[in-house]
>>> print(open('coords33.txt').read())   # compact mmCIF, C-alpha atoms
# COMPACT_ATOMS: atom_id res chain seq x y z
CA MET C 1 -1.50 12.84 -2.06
CA LEU C 2 -0.32 9.41 -0.97
CA ASN C 3 3.26 8.75 -1.98
CA PRO C 4 4.30 5.10 -1.93
CA THR C 5 7.86 4.46 -0.84
CA ARG C 6 9.03 1.51 -2.92
CA TRP C 7 12.60 1.70 -4.24
CA ASN C 8 15.17 0.16 -1.97
CA PRO C 9 18.77 -0.09 -3.26
CA TRP C 10 19.55 -2.96 -0.88
CA MET C 11 16.73 -4.99 -2.39
CA GLU C 12 18.25 -4.43 -5.84
CA LEU C 13 21.61 -5.70 -4.58
CA ALA C 14 19.89 -8.68 -2.96
CA GLY C 15 18.14 -9.38 -6.27
CA LEU C 16 21.49 -9.31 -8.06
CA HIS C 17 22.90 -11.68 -5.45
CA ARG C 18 19.98 -14.10 -6.00
CA GLU C 19 20.50 -13.94 -9.77
CA LEU C 20 24.21 -14.74 -9.40
CA ASP C 21 23.35 -17.61 -7.05
CA SER C 22 20.88 -18.89 -9.62
CA ILE C 23 23.51 -18.79 -12.39
CA PHE C 24 26.03 -20.66 -10.22
CA ASN C 25 23.39 -23.17 -9.16
CA ARG C 26 22.46 -23.92 -12.79
CA THR C 27 26.10 -24.14 -13.83
CA PHE C 28 27.34 -26.35 -11.00
CA GLY C 29 24.13 -28.27 -10.32
CA ASP C 30 23.58 -27.02 -6.77
CA THR C 31 19.85 -27.24 -6.01
CA VAL C 32 19.97 -25.82 -2.50
CA ARG C 33 17.58 -22.93 -2.00
CA SER C 34 19.39 -19.68 -1.40
CA GLN C 35 17.42 -16.87 0.16
CA SER C 36 20.04 -14.20 0.65
CA ALA C 37 17.60 -11.39 1.36
CA ASP C 38 15.49 -11.57 4.47
CA SER C 39 12.94 -9.11 3.14
CA PHE C 40 10.87 -8.20 0.10
CA VAL C 41 8.70 -5.35 -1.12
CA PRO C 42 5.07 -6.22 -1.95
CA ALA C 43 3.43 -4.53 -4.94
CA ALA C 44 0.98 -1.73 -4.11
CA ASP C 45 -1.84 0.10 -5.86
CA VAL C 46 -2.94 3.55 -4.56
CA ARG C 47 -6.23 5.11 -5.72
CA ARG C 48 -8.52 7.95 -4.75
CA ASP C 49 -12.27 7.49 -4.89
CA ASN C 50 -14.00 10.82 -4.13
CA ASP C 51 -13.78 11.15 -0.31
CA THR C 52 -11.62 8.05 0.24
CA TRP C 53 -8.06 6.93 -0.44
CA LYS C 54 -7.62 3.21 -1.17
CA ILE C 55 -4.41 1.22 -0.97
CA SER C 56 -4.12 -2.39 -2.14
CA LEU C 57 -1.11 -4.56 -1.31
CA ALA C 58 -0.42 -7.95 -2.91
CA LEU C 59 0.42 -10.28 0.00
CA PRO C 60 -0.24 -13.83 -1.21
CA GLY C 61 0.76 -16.62 1.14
CA ILE C 62 0.79 -14.41 4.23
CA SER C 63 -1.66 -15.06 7.05
CA SER C 64 -3.58 -12.06 8.33
CA GLU C 65 -2.11 -12.62 11.81
CA LYS C 66 1.35 -11.79 10.42
CA ILE C 67 0.27 -8.37 9.09
CA GLU C 68 0.67 -5.23 11.22
CA ILE C 69 -0.77 -1.83 10.22
CA ASN C 70 0.02 1.45 12.02
CA VAL C 71 -0.81 5.09 11.36
CA THR C 72 1.58 7.50 13.04
CA GLY C 73 1.20 11.16 12.17
CA GLN C 74 1.23 11.34 8.39
CA THR C 75 2.74 7.88 7.87
CA LEU C 76 0.86 4.65 7.21
CA ARG C 77 3.13 1.64 7.80
CA VAL C 78 2.32 -1.96 6.81
CA ARG C 79 4.64 -4.70 8.09
CA GLY C 80 4.54 -8.45 7.97
CA GLU C 81 6.32 -11.67 7.19
CA ARG C 82 5.96 -14.52 4.70
CA THR C 83 7.28 -17.82 6.04
CA PRO C 84 7.70 -21.07 4.11
CA HIS C 85 5.29 -23.93 4.73
CA GLU C 86 6.38 -26.62 7.16
CA GLU C 87 6.61 -29.09 4.23
CA ALA C 88 9.32 -26.90 2.63
CA ASP C 89 11.77 -27.85 5.39
CA LYS C 90 11.19 -31.56 4.78
CA THR C 91 11.65 -31.51 1.00
CA GLU C 92 14.49 -30.69 -1.35
CA SER C 93 13.92 -27.44 -3.22
CA VAL C 94 14.66 -27.56 -6.93
CA VAL C 95 13.36 -24.12 -7.91
CA SER C 96 12.00 -21.42 -5.62
CA GLU C 97 10.88 -18.06 -7.00
CA ILE C 98 8.82 -17.12 -3.96
CA THR C 99 10.49 -14.60 -1.68
CA TYR C 100 10.18 -15.28 2.04
CA GLY C 101 10.98 -12.98 4.89
CA ARG C 102 9.85 -9.69 6.33
CA PHE C 103 8.39 -6.76 4.45
CA GLU C 104 7.58 -3.15 5.26
CA ARG C 105 5.82 -0.49 3.19
CA GLU C 106 5.31 3.13 4.19
CA PHE C 107 2.93 5.64 2.64
CA ALA C 108 2.74 9.39 3.25
CA VAL C 109 -0.84 10.13 4.31
CA PRO C 110 -2.45 13.54 3.66
CA ASP C 111 -3.55 15.60 6.67
CA GLU C 112 -7.18 15.25 5.56
CA VAL C 113 -7.26 11.48 6.22
CA ASP C 114 -9.19 10.41 9.34
CA ALA C 115 -6.68 8.01 10.96
CA GLU C 116 -9.32 6.79 13.43
CA GLN C 117 -11.50 5.48 10.59
CA VAL C 118 -8.87 3.56 8.57
CA ASN C 119 -10.23 0.12 7.66
CA ALA C 120 -8.31 -3.00 6.54
CA THR C 121 -9.71 -6.04 4.75
CA TYR C 122 -7.69 -9.09 3.71
CA ARG C 123 -9.01 -11.58 1.16
CA ASN C 124 -7.51 -13.73 -1.58
CA GLY C 125 -3.99 -12.53 -0.81
CA MET C 126 -4.88 -8.82 -1.20
CA LEU C 127 -4.81 -6.36 1.67
CA GLU C 128 -7.29 -3.54 1.02
CA LEU C 129 -6.88 -0.38 3.12
CA THR C 130 -9.58 2.29 3.09
CA LEU C 131 -8.60 5.75 4.34
CA PRO C 132 -11.59 8.12 4.52
CA LEU C 133 -11.23 11.88 4.66
CA LYS C 134 -12.17 13.83 7.79
CA GLU C 135 -15.62 15.39 7.63
CA GLY C 136 -14.15 18.91 7.54
CA ALA C 137 -11.91 18.00 4.60
CA LYS C 138 -14.70 16.66 2.39
CA PRO C 139 -15.94 19.06 -0.27
CA ARG C 140 -19.31 20.54 0.57
CA ARG C 141 -21.66 21.87 -2.04
CA ILE C 142 -23.34 25.15 -1.15
CA GLU C 143 -26.64 25.93 -2.76
CA VAL C 144 -27.06 29.38 -4.22
CA GLN C 145 -30.33 30.90 -3.08
CA ALA C 146 -32.03 33.41 -5.33
CA ALA C 147 -33.17 36.60 -3.62
CA PRO C 148 -36.93 37.22 -3.84
CA GLU C 149 -37.89 39.39 -6.78
CA THR C 150 -39.50 42.76 -5.93
CA GLY C 151 -41.70 44.67 -8.30
CA GLU C 152 -39.61 47.84 -8.09
CA VAL C 153 -37.00 48.55 -10.68
CA LYS C 154 -34.39 51.04 -9.63
CA GLN C 155 -32.86 53.15 -12.29
CA LEU C 156 -29.48 54.64 -12.03
CA HIS C 157 -29.11 58.21 -13.20
CA ALA C 158 -25.87 59.69 -14.26
CA ALA C 159 -25.17 62.92 -12.46
>>> encode(input="coords33.txt", output="structure tokens")
Amino acid sequence: MLNPTRWNPWMELAGLHRELDSIFNRTFGDTVRSQSADSFVPAADVRRDNDTWKISLALPGISSEKIEINVTGQTLRVRGERTPHEEADKTESVVSEITYGRFEREFAVPDEVDAEQVNATYRNGMLELTLPLKEGAKPRRIEVQAAPETGEVKQLHAA
């Protein structure tokens, strides 16, 4: 089964730091954008559809060129970076709730997944990964064949 690795205590501390910055900014009127954390964790959805595992990652605002996907052993790793638009450097930020920086997600991949056939599609800010099972790992239905009926009936006799 795919196990997403999501919780990161440092991200929680960075979130607390951002919240404290926000409180101070509102109290003292400082409107300077403060991005204390240089990373974030994108939301993920993991599903199984018969012979295929599917992973969706929400990556809005990230160009496909800034996304890197690797499968090493039983680990699927997705890395990338969200950078602010060029206009953001020229304007004064009043409120910014978008997290910029690097991200990395790792998923434990079952042995049955065919790493050579992993497919990635990126559209509308969603990265869709398809991980098919190896042919030998797919369930195979075996037909039961009835033996031909013979006219003889054997009777068992108790001795």
>>> residues_around(input="coords33.txt", residues="Lys54 of chain C", least_positions_apart="6", cutoff="9 Å", atoms="all atoms listed in the file", output="JSON, numbers by chain")
{"C": [45, 46, 47, 48, 128, 129, 130, 131, 132]}
>>> atom_distance(input="coords33.txt", atom1="atom CA of Ser64 of chain C", atom2="atom CA of Arg105 of chain C")
15.8 Å
>>> atom_distance(input="coords33.txt", atom1="atom CA of Glu12 of chain C", atom2="atom CA of Arg102 of chain C")
15.7 Å
>>> atom_distance(input="coords33.txt", atom1="atom CA of Ser39 of chain C", atom2="atom CA of Asn119 of chain C")
25.3 Å
>>> closest_residue(input="coords33.txt", among="C:Thr75, C:Thr99, C:Thr150, C:Gln117", to="Lys134 of chain C", atoms="all atoms listed in the file")
C:Gln117
>>> closest_residue(input="coords33.txt", among="C:Ile62, C:Ala14, C:Ile55, C:Leu76", to="Asp111 of chain C", atoms="all atoms listed in the file")
C:Leu76
>>> residues_near_point(input="coords33.txt", point="(-3.5, -7.8, 8.5)", cutoff="9 Å", atoms="all atoms listed in the file", output="PyMOL selection string")
chain C and resi 62-69+78-80+120-122+127
>>> closest_atom_pairs(input="coords33.txt", of="segment 71-113 of chain C", to="segment 17-20 of chain C", cutoff="12 Å", atoms="only C-alpha atoms", output="tab-separated table")
residue	atom	partner	partner_atom	distance
C:Ser96	CA	C:Arg18	CA	10.8
C:Glu97	CA	C:Arg18	CA	10.0
C:Ile98	CA	C:Arg18	CA	11.7
C:Thr99	CA	C:Arg18	CA	10.4
>>> decode(input="coords33.txt", residues="segment 16-138 of chain C", atoms="C-alpha atoms", output="compact mmCIF listing (two decimals), in the first residue's frame")
# COMPACT_ATOMS: atom_id res chain seq x y z
CA LEU C 16 3.55 29.12 13.94
CA HIS C 17 6.30 31.60 13.05
CA ARG C 18 4.22 32.91 10.11
CA GLU C 19 1.17 33.27 12.36
CA LEU C 20 3.17 35.25 14.93
CA ASP C 21 4.57 37.44 12.14
CA SER C 22 1.04 38.02 10.91
CA ILE C 23 -0.15 39.06 14.39
CA PHE C 24 2.77 41.49 14.77
CA ASN C 25 2.23 42.83 11.27
CA ARG C 26 -1.46 43.54 11.97
CA THR C 27 -0.68 45.08 15.34
CA PHE C 28 2.19 47.33 14.26
CA GLY C 29 1.10 47.96 10.67
CA ASP C 30 4.07 46.30 8.98
CA THR C 31 2.97 45.16 5.51
CA VAL C 32 6.23 43.56 4.44
CA ARG C 33 5.81 39.99 3.25
CA SER C 34 7.47 37.52 5.55
CA GLN C 35 8.17 34.08 4.18
CA SER C 36 10.08 32.44 6.99
CA ALA C 37 9.80 28.91 5.63
CA ASP C 38 11.52 28.08 2.39
CA SER C 39 9.38 25.03 1.78
CA PHE C 40 5.82 23.74 1.84
CA VAL C 41 3.98 20.43 1.63
CA PRO C 42 1.47 20.08 -1.23
CA ALA C 43 -1.77 18.19 -0.57
CA ALA C 44 -1.94 14.66 -2.00
CA ASP C 45 -4.64 12.13 -2.84
CA VAL C 46 -3.71 8.42 -3.17
CA ARG C 47 -6.14 5.93 -4.76
CA ARG C 48 -6.10 2.40 -6.11
CA ASP C 49 -8.03 1.56 -9.25
CA ASN C 50 -7.88 -2.21 -9.88
CA ASP C 51 -4.40 -2.78 -11.38
CA THR C 52 -3.17 0.81 -10.95
CA TRP C 53 -2.19 3.14 -8.12
CA LYS C 54 -2.97 6.83 -8.69
CA ILE C 55 -1.46 9.78 -6.85
CA SER C 56 -2.68 13.36 -7.30
CA LEU C 57 -0.73 16.35 -5.99
CA ALA C 58 -2.11 19.90 -5.83
CA LEU C 59 0.62 22.10 -7.32
CA PRO C 60 -1.07 25.31 -8.50
CA GLY C 61 1.21 28.06 -9.75
CA ILE C 62 4.13 25.73 -10.42
CA SER C 63 5.40 25.25 -13.96
CA SER C 64 5.89 21.67 -15.10
CA GLU C 65 9.59 22.40 -15.74
CA LYS C 66 10.07 22.93 -11.99
CA ILE C 67 8.70 19.47 -11.06
CA GLU C 68 11.05 16.49 -10.68
CA ILE C 69 9.80 12.91 -10.21
CA ASN C 70 12.05 9.95 -9.29
CA VAL C 71 11.41 6.32 -8.42
CA THR C 72 14.22 4.73 -6.44
CA GLY C 73 13.61 1.25 -5.08
CA GLN C 74 10.33 1.43 -3.22
CA THR C 75 10.27 5.22 -2.93
CA LEU C 76 8.51 7.66 -5.25
CA ARG C 77 9.82 11.21 -4.71
CA VAL C 78 8.25 14.38 -6.14
CA ARG C 79 10.22 17.63 -5.79
CA GLY C 80 9.72 21.12 -7.10
CA GLU C 81 9.59 24.80 -6.39
CA ARG C 82 6.97 27.56 -6.48
CA THR C 83 8.47 30.99 -7.16
CA PRO C 84 6.68 34.34 -7.02
CA HIS C 85 5.83 36.13 -10.25
CA GLU C 86 8.23 38.81 -11.43
CA GLU C 87 5.55 41.45 -10.71
CA ALA C 88 5.62 40.48 -7.00
CA ASP C 89 9.11 41.96 -6.64
CA LYS C 90 7.97 45.29 -8.09
CA THR C 91 4.87 45.73 -5.92
CA GLU C 92 4.22 46.14 -2.22
CA SER C 93 2.60 43.07 -0.70
CA VAL C 94 -0.32 43.75 1.62
CA VAL C 95 -1.47 40.17 2.20
CA SER C 96 0.13 36.99 0.94
CA GLU C 97 -1.31 33.58 1.83
CA ILE C 98 0.48 31.73 -0.96
CA THR C 99 3.50 29.75 0.18
CA TYR C 100 6.55 29.95 -2.05
CA GLY C 101 9.64 27.83 -1.96
CA ARG C 102 10.67 24.23 -2.43
CA PHE C 103 8.60 21.15 -1.73
CA GLU C 104 9.26 17.44 -1.54
CA ARG C 105 6.85 14.52 -1.08
CA GLU C 106 7.81 10.87 -0.73
CA PHE C 107 5.56 7.85 -1.07
CA ALA C 108 6.35 4.22 -0.24
CA VAL C 109 5.66 2.21 -3.39
CA PRO C 110 4.64 -1.48 -3.23
CA ASP C 111 6.96 -4.04 -4.83
CA GLU C 112 4.24 -4.87 -7.38
CA VAL C 113 4.44 -1.42 -9.05
CA ASP C 114 6.17 -1.36 -12.45
CA ALA C 115 8.55 1.61 -12.00
CA GLU C 116 9.37 1.62 -15.72
CA GLN C 117 5.73 2.36 -16.61
CA VAL C 118 5.02 5.23 -14.17
CA ASN C 119 3.28 8.06 -16.02
CA ALA C 120 2.91 11.73 -15.00
CA THR C 121 0.40 14.25 -16.34
CA TYR C 122 0.17 17.89 -15.25
CA ARG C 123 -2.92 19.99 -15.97
CA ASN C 124 -4.81 22.76 -14.20
CA GLY C 125 -2.36 22.77 -11.28
CA MET C 126 -2.79 19.03 -10.56
CA LEU C 127 -0.01 16.50 -11.01
CA GLU C 128 -1.50 13.07 -11.76
CA LEU C 129 0.82 10.07 -11.33
CA THR C 130 -0.24 6.65 -12.60
CA LEU C 131 1.64 3.64 -11.21
CA PRO C 132 0.60 0.39 -12.92
CA LEU C 133 1.24 -3.02 -11.40
CA LYS C 134 3.71 -5.44 -12.98
CA GLU C 135 2.09 -8.07 -15.17
CA GLY C 136 3.03 -10.85 -12.74
CA ALA C 137 1.42 -8.97 -9.83
CA LYS C 138 -1.96 -8.48 -11.52
